[in-house]
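What follows is data_35.tsv (TSV, C-alpha atoms).
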chain	number	residue	atom	x	y	z
A	94	MET	CA	77.86	47.51	54.79
A	95	VAL	CA	77.39	51.10	53.69
A	96	ALA	CA	80.57	52.99	52.77
A	97	ILE	CA	81.23	56.11	54.80
A	98	GLU	CA	82.21	59.21	52.86
A	99	LYS	CA	85.38	60.65	54.36
A	100	ASP	CA	86.81	64.06	53.61
A	101	ILE	CA	90.39	65.17	53.16
A	102	PRO	CA	92.00	65.45	56.62
A	103	HIS	CA	91.57	68.84	58.27
A	104	GLU	CA	95.32	69.46	58.43
A	105	ARG	CA	95.51	69.28	54.60
A	106	ARG	CA	92.55	71.59	53.97
A	107	PRO	CA	94.45	74.90	54.15
A	108	THR	CA	96.76	73.64	51.39
A	109	VAL	CA	93.78	72.49	49.35
A	110	ASP	CA	92.07	75.85	49.75
A	111	HIS	CA	95.26	77.66	48.75
A	112	PHE	CA	95.57	75.76	45.50
A	113	ARG	CA	91.88	76.07	44.71
A	114	ASP	CA	92.25	79.82	45.03
A	115	ALA	CA	95.30	79.59	42.76
A	116	MET	CA	93.25	77.78	40.11
A	117	GLU	CA	90.66	80.56	40.26
A	118	ARG	CA	93.43	83.12	39.75
A	119	ILE	CA	94.68	81.13	36.77
A	120	LYS	CA	91.21	81.40	35.23
A	121	GLU	CA	91.31	85.15	35.78
A	122	GLU	CA	94.74	85.44	34.15
A	123	VAL	CA	93.71	83.38	31.11
A	124	ALA	CA	90.56	85.50	30.79
A	125	LYS	CA	92.80	88.50	30.09
A	126	ALA	CA	93.67	86.97	26.71
A	127	ILE	CA	90.85	84.49	26.07
A	128	VAL	CA	87.18	85.51	25.97
A	129	GLY	CA	84.68	82.89	27.15
A	130	GLN	CA	85.50	79.17	26.85
A	131	GLU	CA	85.01	78.71	30.62
A	132	ALA	CA	83.99	75.06	30.29
A	133	ALA	CA	86.97	74.21	28.07
A	134	LEU	CA	89.36	76.02	30.42
A	135	GLU	CA	88.01	74.19	33.46
A	136	GLN	CA	88.43	70.85	31.70
A	137	MET	CA	92.02	71.75	30.81
A	138	LEU	CA	92.70	72.63	34.45
A	139	ILE	CA	91.19	69.31	35.55
A	140	CYS	CA	93.60	67.53	33.18
A	141	LEU	CA	96.56	69.49	34.52
A	142	MET	CA	95.57	68.85	38.15
A	143	SER	CA	95.19	65.14	37.35
A	144	GLY	CA	98.42	64.83	35.37
A	145	GLY	CA	96.57	63.86	32.18
A	146	HIS	CA	96.73	64.87	28.53
A	147	ALA	CA	93.98	66.34	26.36
A	148	ILE	CA	92.82	66.70	22.76
A	149	LEU	CA	91.30	70.06	21.84
A	150	GLU	CA	88.93	69.83	18.89
A	151	GLY	CA	87.50	72.87	17.15
A	152	VAL	CA	87.37	74.65	13.81
A	153	PRO	CA	90.23	77.00	12.88
A	154	GLY	CA	90.31	80.45	14.42
A	155	LEU	CA	88.91	79.64	17.88
A	156	ALA	CA	92.16	80.50	19.72
A	157	LYS	CA	93.07	76.94	20.69
A	158	THR	CA	96.80	77.65	20.41
A	159	MET	CA	96.53	80.97	22.24
A	160	MET	CA	94.55	79.30	25.04
A	161	VAL	CA	97.27	76.69	25.59
A	162	ARG	CA	100.07	79.26	25.37
A	163	THR	CA	98.31	81.60	27.82
A	164	LEU	CA	97.67	78.75	30.25
A	165	ALA	CA	101.35	77.78	30.14
A	166	ARG	CA	102.33	81.37	30.94
A	167	ALA	CA	99.87	81.58	33.84
A	168	LEU	CA	101.36	78.37	35.24
A	169	SER	CA	104.97	79.53	34.75
A	170	LEU	CA	105.75	76.41	32.71
A	171	SER	CA	107.94	75.94	29.64
A	172	PHE	CA	106.00	75.63	26.41
A	173	ASN	CA	106.78	74.23	22.95
A	174	ARG	CA	104.54	74.09	19.90
A	175	VAL	CA	105.01	71.39	17.27
A	176	GLN	CA	103.23	71.88	13.95
A	177	PHE	CA	102.34	68.38	12.74
A	178	THR	CA	102.70	67.96	8.97
A	179	PRO	CA	102.74	64.92	6.63
A	180	ASP	CA	106.56	65.05	6.33
A	181	LEU	CA	107.23	65.34	10.08
A	182	MET	CA	109.55	62.59	11.36
A	183	PRO	CA	109.64	61.07	14.88
A	184	GLY	CA	113.09	62.55	15.50
A	185	ASP	CA	111.70	66.02	14.80
A	186	ILE	CA	109.64	65.58	17.98
A	187	THR	CA	111.75	63.48	20.33
A	188	GLY	CA	115.22	64.63	19.29
A	189	ALA	CA	118.20	62.89	17.70
A	190	GLU	CA	121.82	61.93	18.26
A	191	VAL	CA	124.55	63.80	16.40
A	192	ILE	CA	128.24	63.01	16.00
A	193	GLU	CA	130.60	65.72	17.19
A	194	GLU	CA	134.36	65.96	17.26
A	195	ASN	CA	135.98	66.62	20.63
A	196	ARG	CA	138.31	69.55	19.95
A	197	SER	CA	140.69	68.64	22.78
A	198	THR	CA	141.12	64.94	21.94
A	199	GLY	CA	140.05	64.81	18.31
A	200	ALA	CA	137.78	61.84	19.09
A	201	ARG	CA	134.28	61.65	17.72
A	202	GLU	CA	131.46	61.50	20.25
A	203	THR	CA	127.70	61.21	20.04
A	204	ARG	CA	125.46	63.72	21.75
A	205	PHE	CA	121.68	63.64	22.13
A	206	ILE	CA	119.94	66.84	21.11
A	207	GLU	CA	116.59	67.20	22.81
A	208	GLY	CA	113.57	67.74	20.61
A	209	PRO	CA	110.62	70.07	21.27
A	210	ILE	CA	108.90	67.41	23.38
A	211	PHE	CA	111.28	68.34	26.23
A	212	ALA	CA	109.01	70.98	27.73
A	213	ASN	CA	106.40	71.10	30.49
A	214	ILE	CA	103.53	71.75	28.06
A	215	VAL	CA	103.77	70.49	24.47
A	216	LEU	CA	101.17	71.63	21.96
A	217	ALA	CA	100.81	69.03	19.19
A	218	ASP	CA	99.09	71.28	16.67
A	219	GLU	CA	96.88	69.46	14.14
A	220	ILE	CA	98.10	66.09	15.38
A	221	ASN	CA	96.03	64.17	12.82
A	222	ARG	CA	98.02	65.69	9.90
A	223	THR	CA	101.03	63.43	10.42
A	224	PRO	CA	101.33	59.69	9.65
A	225	PRO	CA	100.80	57.08	12.39
A	226	LYS	CA	104.56	56.40	12.66
A	227	THR	CA	105.16	59.97	13.79
A	228	GLN	CA	102.05	60.03	15.97
A	229	ALA	CA	103.39	56.94	17.76
A	230	ALA	CA	106.48	58.93	18.80
A	231	LEU	CA	104.27	60.50	21.48
A	232	LEU	CA	103.10	57.22	23.01
A	233	GLU	CA	106.10	56.50	25.23
A	234	ALA	CA	106.41	60.15	26.23
A	235	MET	CA	102.74	60.39	27.23
A	236	GLN	CA	102.70	57.12	29.16
A	237	GLU	CA	106.19	56.85	30.66
A	238	ARG	CA	107.25	60.53	30.71
A	239	GLN	CA	110.48	59.57	28.97
A	240	VAL	CA	112.06	59.21	25.52
A	241	THR	CA	114.21	56.21	24.60
A	242	PHE	CA	116.83	56.77	21.91
A	243	GLY	CA	119.66	54.40	21.12
A	244	GLY	CA	118.84	52.31	24.18
A	245	THR	CA	119.22	55.30	26.51
A	246	ARG	CA	116.27	56.71	28.44
A	247	HIS	CA	115.92	60.48	28.63
A	248	GLN	CA	113.53	61.74	31.31
A	249	LEU	CA	111.10	64.47	30.33
A	250	PRO	CA	110.62	67.53	32.55
A	251	SER	CA	108.02	67.31	35.28
A	252	PRO	CA	105.20	68.22	35.18
A	253	PHE	CA	104.62	67.13	31.58
A	254	PHE	CA	101.47	67.56	29.50
A	255	VAL	CA	100.59	66.99	25.86
A	256	LEU	CA	97.76	69.14	24.56
A	257	ALA	CA	96.87	68.21	20.99
A	258	THR	CA	94.57	70.01	18.57
A	259	GLN	CA	92.66	68.71	15.59
A	260	ASN	CA	90.25	70.13	13.04
A	261	PRO	CA	86.90	68.27	12.89
A	262	ILE	CA	85.84	69.55	9.45
A	263	GLU	CA	88.90	69.26	7.22
A	264	GLN	CA	89.68	65.57	6.67
A	265	GLU	CA	91.67	65.67	3.41
A	266	GLY	CA	95.29	64.72	4.01
A	267	THR	CA	94.70	63.64	7.61
A	268	TYR	CA	95.49	60.43	9.46
A	269	PRO	CA	92.93	59.58	12.17
A	270	LEU	CA	94.48	58.83	15.53
A	271	PRO	CA	94.54	55.10	16.37
A	272	GLU	CA	92.28	54.09	19.25
A	273	ALA	CA	95.32	53.07	21.33
A	274	GLN	CA	96.74	56.58	21.10
A	275	GLN	CA	93.41	58.28	21.72
A	276	ASP	CA	93.10	56.25	24.91
A	277	ARG	CA	96.29	57.92	26.22
A	278	PHE	CA	94.46	61.25	26.31
A	279	MET	CA	92.40	61.79	29.44
A	280	PHE	CA	90.01	64.33	27.89
A	281	LYS	CA	88.74	65.26	24.46
A	282	ILE	CA	87.71	68.90	24.86
A	283	LEU	CA	85.36	70.53	22.35
A	284	ILE	CA	86.00	74.23	21.61
A	285	PRO	CA	82.68	75.81	20.55
A	286	TYR	CA	81.98	79.02	18.66
A	287	PRO	CA	81.74	82.12	20.88
A	288	THR	CA	78.41	83.74	21.68
A	289	TRP	CA	77.46	87.11	20.14
A	290	GLU	CA	78.60	89.02	23.23
A	291	GLU	CA	81.86	87.07	23.44
A	292	GLU	CA	82.66	87.57	19.76
A	293	PHE	CA	81.95	91.32	20.06
A	294	GLN	CA	84.40	91.47	22.96
A	295	ILE	CA	86.97	89.59	20.88
A	296	MET	CA	86.61	92.20	18.14
A	297	GLU	CA	87.17	94.95	20.71
A	298	MET	CA	90.36	93.22	21.94
A	299	THR	CA	91.85	92.95	18.45
A	300	ARG	CA	93.88	96.15	18.92
A	301	ALA	CA	95.12	95.16	22.38
A	302	GLU	CA	98.09	93.03	23.41
A	303	PRO	CA	96.64	90.58	25.97
A	304	TRP	CA	99.95	88.74	26.40
A	305	ALA	CA	101.59	91.58	28.27
A	306	SER	CA	99.20	91.47	31.21
A	307	VAL	CA	99.21	87.68	31.88
A	308	GLU	CA	101.14	86.93	35.06
A	309	PRO	CA	102.32	83.54	36.39
A	310	VAL	CA	100.31	82.25	39.34
A	311	ILE	CA	101.92	78.98	40.48
A	312	SER	CA	105.12	77.13	39.61
A	313	GLY	CA	105.65	73.63	38.31
A	314	GLU	CA	106.64	72.38	41.77
A	315	GLU	CA	103.39	73.69	43.22
A	316	LEU	CA	101.42	72.04	40.43
A	317	LEU	CA	103.08	68.72	41.25
A	318	GLU	CA	101.86	69.14	44.83
A	319	VAL	CA	98.35	69.81	43.50
A	320	GLN	CA	98.50	66.52	41.59
A	321	SER	CA	99.56	64.72	44.77
A	322	ILE	CA	96.61	66.19	46.69
A	323	VAL	CA	94.13	65.29	43.94
A	324	ARG	CA	94.99	61.60	44.29
A	325	GLN	CA	94.21	61.79	48.03
A	326	VAL	CA	90.64	62.97	47.53
A	327	PRO	CA	88.42	60.13	48.80
A	328	VAL	CA	85.78	58.46	46.64
A	329	ALA	CA	83.00	56.53	48.36
A	330	GLN	CA	82.54	52.91	47.40
A	331	HIS	CA	79.12	53.47	45.85
A	332	LEU	CA	80.59	56.15	43.55
A	333	VAL	CA	83.35	53.81	42.42
A	334	ASP	CA	80.56	51.33	41.73
A	335	TYR	CA	78.66	54.01	39.77
A	336	ALA	CA	81.66	54.86	37.56
A	337	MET	CA	82.27	51.17	36.91
A	338	ARG	CA	78.64	50.62	35.90
A	339	LEU	CA	78.87	53.51	33.43
A	340	ALA	CA	82.02	52.03	31.92
A	341	ARG	CA	80.84	48.42	31.82
A	342	LYS	CA	77.44	49.32	30.34
A	343	SER	CA	79.21	50.96	27.42
A	344	ARG	CA	80.80	47.68	26.30
A	345	ALA	CA	78.62	46.20	23.60
A	346	GLY	CA	79.32	42.59	22.71
A	347	THR	CA	80.23	41.49	26.23
A	348	GLU	CA	78.40	38.73	28.03
A	349	GLN	CA	76.79	41.08	30.52
A	350	GLN	CA	73.47	42.79	29.90
A	351	VAL	CA	73.84	46.17	28.21
A	352	PRO	CA	71.11	48.62	27.17
A	353	ARG	CA	69.61	48.16	23.76
A	354	PHE	CA	70.80	51.56	22.54
A	355	ILE	CA	74.38	50.56	23.37
A	356	ARG	CA	74.08	47.37	21.31
A	357	GLN	CA	72.63	49.42	18.49
A	358	TRP	CA	74.99	52.41	18.48
A	359	VAL	CA	78.29	51.24	20.04
A	360	ARG	CA	80.85	48.79	18.68
A	361	TRP	CA	83.40	49.15	21.49
A	362	GLY	CA	83.09	50.78	24.89
A	363	ILE	CA	85.66	52.24	27.26
A	364	GLY	CA	88.24	50.15	29.09
A	365	PRO	CA	89.51	50.20	32.69
A	366	ARG	CA	91.92	53.08	31.96
A	367	GLY	CA	88.96	55.26	30.97
A	368	CYS	CA	87.21	54.38	34.23
A	369	GLN	CA	90.36	55.23	36.20
A	370	PHE	CA	90.57	58.58	34.43
A	371	MET	CA	86.90	59.22	35.22
A	372	LEU	CA	87.46	58.84	38.95
A	373	LEU	CA	90.71	60.83	38.88
A	374	ALA	CA	89.12	63.70	36.94
A	375	ALA	CA	86.12	63.64	39.31
A	376	ARG	CA	88.54	64.12	42.23
A	377	ALA	CA	90.07	67.18	40.60
A	378	ARG	CA	86.67	68.66	39.76
A	379	ALA	CA	85.50	68.20	43.35
A	380	LEU	CA	88.45	70.28	44.59
A	381	LEU	CA	87.77	72.97	41.99
A	382	ARG	CA	84.18	73.16	43.23
A	383	GLY	CA	85.24	73.52	46.86
A	384	ARG	CA	84.44	70.00	48.05
A	385	TYR	CA	86.77	67.62	49.85
A	386	HIS	CA	85.17	64.44	48.51
A	387	VAL	CA	83.71	63.30	45.19
A	388	ALA	CA	79.98	63.50	44.41
A	389	ALA	CA	78.00	61.81	41.65
A	390	GLU	CA	77.71	65.15	39.82
A	391	ASP	CA	81.50	65.21	39.41
A	392	ILE	CA	81.45	61.85	37.63
A	393	ASP	CA	78.55	62.97	35.42
A	394	ALA	CA	80.37	66.21	34.54
A	395	VAL	CA	83.57	64.49	33.35
A	396	ALA	CA	81.87	61.52	31.64
A	397	LYS	CA	81.55	63.21	28.23
A	398	PRO	CA	85.15	64.43	27.79
A	399	ILE	CA	86.37	61.08	29.14
A	400	MET	CA	84.19	58.85	26.95
A	401	ARG	CA	83.59	60.79	23.73
A	402	HIS	CA	86.88	59.69	22.11
A	403	ARG	CA	86.81	56.17	23.54
A	404	LEU	CA	83.43	55.02	22.27
A	405	VAL	CA	83.58	53.46	18.81
A	406	THR	CA	80.15	53.91	17.22
A	407	THR	CA	78.36	51.85	14.59
A	408	PHE	CA	77.11	52.77	11.13
A	409	ILE	CA	73.59	52.87	12.57
A	410	ALA	CA	74.62	55.64	14.98
A	411	ALA	CA	76.12	57.64	12.11
A	412	SER	CA	73.01	57.20	9.97
A	413	ASP	CA	70.81	58.29	12.89
A	414	ASN	CA	73.04	61.37	13.53
A	415	ILE	CA	73.82	60.07	17.02
A	416	THR	CA	77.01	61.47	18.53
A	417	THR	CA	79.05	59.96	21.33
A	418	ASP	CA	77.86	62.79	23.60
A	419	ASP	CA	74.26	61.73	22.91
A	420	ILE	CA	75.17	58.17	23.88
A	421	VAL	CA	76.86	59.29	27.12
A	422	GLU	CA	73.82	61.38	28.08
A	423	GLN	CA	71.55	58.39	27.50
A	424	LEU	CA	73.94	56.16	29.43
A	425	ILE	CA	73.90	58.48	32.47
A	426	GLU	CA	70.10	58.63	32.33
A	427	ASP	CA	69.93	54.83	32.14
A	428	THR	CA	72.35	54.38	35.07
A	429	PRO	CA	71.09	56.19	38.18
A	430	ALA	CA	73.64	56.85	40.91
A	431	ARG	CA	72.89	55.18	44.23
A	432	ARG	CA	73.55	56.49	47.71
A	433	GLY	CA	75.19	53.29	48.85
A	434	PRO	CA	77.04	50.27	47.46
A	435	LEU	CA	75.13	47.46	45.77
A	436	SER	CA	74.48	44.38	47.81
A	437	ALA	CA	75.16	40.93	46.34
A	438	ASP	CA	71.45	40.51	45.52
A	439	GLU	CA	71.32	43.95	43.88
A	440	ARG	CA	74.32	43.09	41.75
A	441	ILE	CA	72.57	39.94	40.53
A	442	GLN	CA	69.39	41.91	39.80
A	443	GLU	CA	71.42	44.53	37.94
A	444	ALA	CA	73.00	41.84	35.77
A	445	LEU	CA	69.64	40.19	35.03
A	446	ARG	CA	67.70	43.41	34.45
A	447	PRO	CA	66.35	43.50	30.85
A	448	PRO	CA	68.00	46.13	28.68
A	449	THR	CA	66.04	49.30	28.01
A	450	SER	CA	64.13	49.58	24.78
A	451	GLN	CA	65.42	53.09	24.02
Whole structure given in structure tokens:
Amino acid sequence: MVAIEKDIPHERRPTVDHFRDAMERIKEEVAKAIVGQEAALEQMLICLMSGGHAILEGVPGLAKTMMVRTLARALSLSFNRVQFTPDLMPGDITGAEVIEENRSTGARETRFIEGPIFANIVLADEINRTPPKTQAALLEAMQERQVTFGGTRHQLPSPFFVLATQNPIEQEGTYPLPEAQQDRFMFKILIPYPTWEEEFQIMEMTRAEPWASVEPVISGEELLEVQSIVRQVPVAQHLVDYAMRLARKSRAGTEQQVPRFIRQWVRWGIGPRGCQFMLLAARARALLRGRYHVAAEDIDAVAKPIMRHRLVTTFIAASDNITTDDIVEQLIEDTPARRGPLSADERIQEALRPPTSQ
């Protein structure tokens, strides 16, 4: 039976259109302070609309911190920046309990002092410069939106996002993020160098004060409603099947047939959480592009930022100068999207199909 693509109900479309227009205004506000980086900004908005977290990777001086700060201001959200260093302790992020004397009774009481993680947007600057013990302090906050201290749970503000940065070229004194923590991040966003025209415009803006002109567009409550709408965007059955085939084909070493280039270049593929993120991000991108249902192009567009930090490559891939983005491109080419769901016979044929020789 062929799945029927359904749209968002007509009564919800005015709200959807309103928030899509708001996202376009956010781009315009951020553009007052940030030149270029349209692709990176759109991916950050997709993460925010989906309720996910992101890693921003780029060399120093590409305005990663300013981009996050400007986005927080355009969204009218609280913002905290944490500079990760080798001597940073978990309590420096989450907060700590202190003992105070009650002046009226003279009794000593404990009070929890919230750390910088208690903000709507938290910038974990150079996250790979702190030891794994401190990095792990973010795990509960990112997954559960809470901090547990002394057996007491402290809820984080909502909405809550962690945007982390890391430097891809300076590896001395760094601690690579464990795969379990990387999997908590929905996207890994690459920040490229600006073009000639963009860099010239940046030089012209050096004397200006772009912060003064950035105005808030939507509130945190409105953003929470956006996240609720994103989860209602329908995905046809054959597109769920397509996303699952992309994810399952990336898993080298499993019993199923995988392409030869995956067996050669990939040690570990993405798990079910990555596939869930792929479909959720595709929903958000569809709304940004003015569609009320997901298309295959949405899945293809979010596949790289979803998969690039989840694929664990082999030594052969490194020696051949093959990046995870190269592998994702080849995977999409090897896995054509279908217009309908696979039948039982087609699923058997897919499983028995010889792997490609590429």
For this session: Could you please determine the separation between CA of Leu372 in chain A and CA of Leu231 in chain A in Å, to one decimal place?
Result: 24.3 Å
Exercise. Which residue gives the smallest distance to Ser171 in chain A among A:Val215, A:Leu155, A:Ile192, A:Val326, with all atoms listed in the file counted?
Worked result: A:Val215
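Compared by their closest atoms to Phe278 in chain A, and using all atoms listed in the file, the residues A:Ser306, A:Gln236, A:Gln350, A:Thr163 rank with A:Gln236 nearest.
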If we count all atoms listed in the file and set the cut-off at 7 Å, which residues sit around Asn260 in chain A, ignoring sequence neighbours fewer than 3 positions away in its own chain? Please answer as an mmCIF file with C-alpha atoms, keeping the file's coordinate frame.
data_model
loop_
_atom_site.group_PDB
_atom_site.id
_atom_site.type_symbol
_atom_site.label_atom_id
_atom_site.label_comp_id
_atom_site.auth_asym_id
_atom_site.auth_seq_id
_atom_site.Cartn_x
_atom_site.Cartn_y
_atom_site.Cartn_z
ATOM 1 C CA GLU A 150 88.930 69.830 18.890
ATOM 2 C CA GLY A 151 87.500 72.870 17.150
ATOM 3 C CA VAL A 152 87.370 74.650 13.810
ATOM 4 C CA PRO A 153 90.230 77.000 12.880
ATOM 5 C CA GLU A 219 96.880 69.460 14.140
ATOM 6 C CA GLU A 263 88.900 69.260 7.220
#
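Put simply, CA of Arg338 in chain A is 26.1 Å away from CA of Leu141 in chain A.
Between CA of His402 in chain A and CA of Met279 in chain A the separation is 9.4 Å.
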For this session: Find the residues near Glu117 in chain A: any atom within 10 Å, counting only C-alpha atoms, skip ones fewer than 3 places away on the same chain, and give them as a PyMOL selection string.
Result: chain A and resi 112-114+120-122+135+310+381
Restricted to C-alpha atoms, what would the selected residues look like written as a PDB file, in the frame of the given file?
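The new file selection10.pdb reads:
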ATOM      1  CA  PHE A 112      95.570  75.760  45.500  1.00  0.00           C
ATOM      2  CA  ARG A 113      91.880  76.070  44.710  1.00  0.00           C
ATOM      3  CA  ASP A 114      92.250  79.820  45.030  1.00  0.00           C
ATOM      4  CA  LYS A 120      91.210  81.400  35.230  1.00  0.00           C
ATOM      5  CA  GLU A 121      91.310  85.150  35.780  1.00  0.00           C
ATOM      6  CA  GLU A 122      94.740  85.440  34.150  1.00  0.00           C
ATOM      7  CA  GLU A 135      88.010  74.190  33.460  1.00  0.00           C
ATOM      8  CA  VAL A 310     100.310  82.250  39.340  1.00  0.00           C
ATOM      9  CA  LEU A 381      87.770  72.970  41.990  1.00  0.00           C
TER      10      LEU A 381
END
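Minimum atom-to-atom distances from A:Gln130, A:Ser197, A:Asn213, A:Ser412 to Arg162 in chain A were compared using all atoms listed in the file, and the lowest value belongs to A:Asn213.
The residue that comes closest to Ala389 in chain A, out of A:Asp334, A:Asp185, A:Asp413, A:Asp419 and on the basis of only C-alpha atoms, is A:Asp334.
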For this session: Please identify all polymer residues within 8 Å of range 203-212 of chain A, counting all atoms listed in the file, omitting same-chain residues fewer than 5 positions from it, and present them as a list in words.
Result: Ser171, Phe172, Asn173, Arg174, Val175, Gly184, Asp185, Ile186, Thr187, Gly188, Ala189, Glu190, Val191, Ile192, Glu193, Leu249, Pro250 and Phe253 of chain A
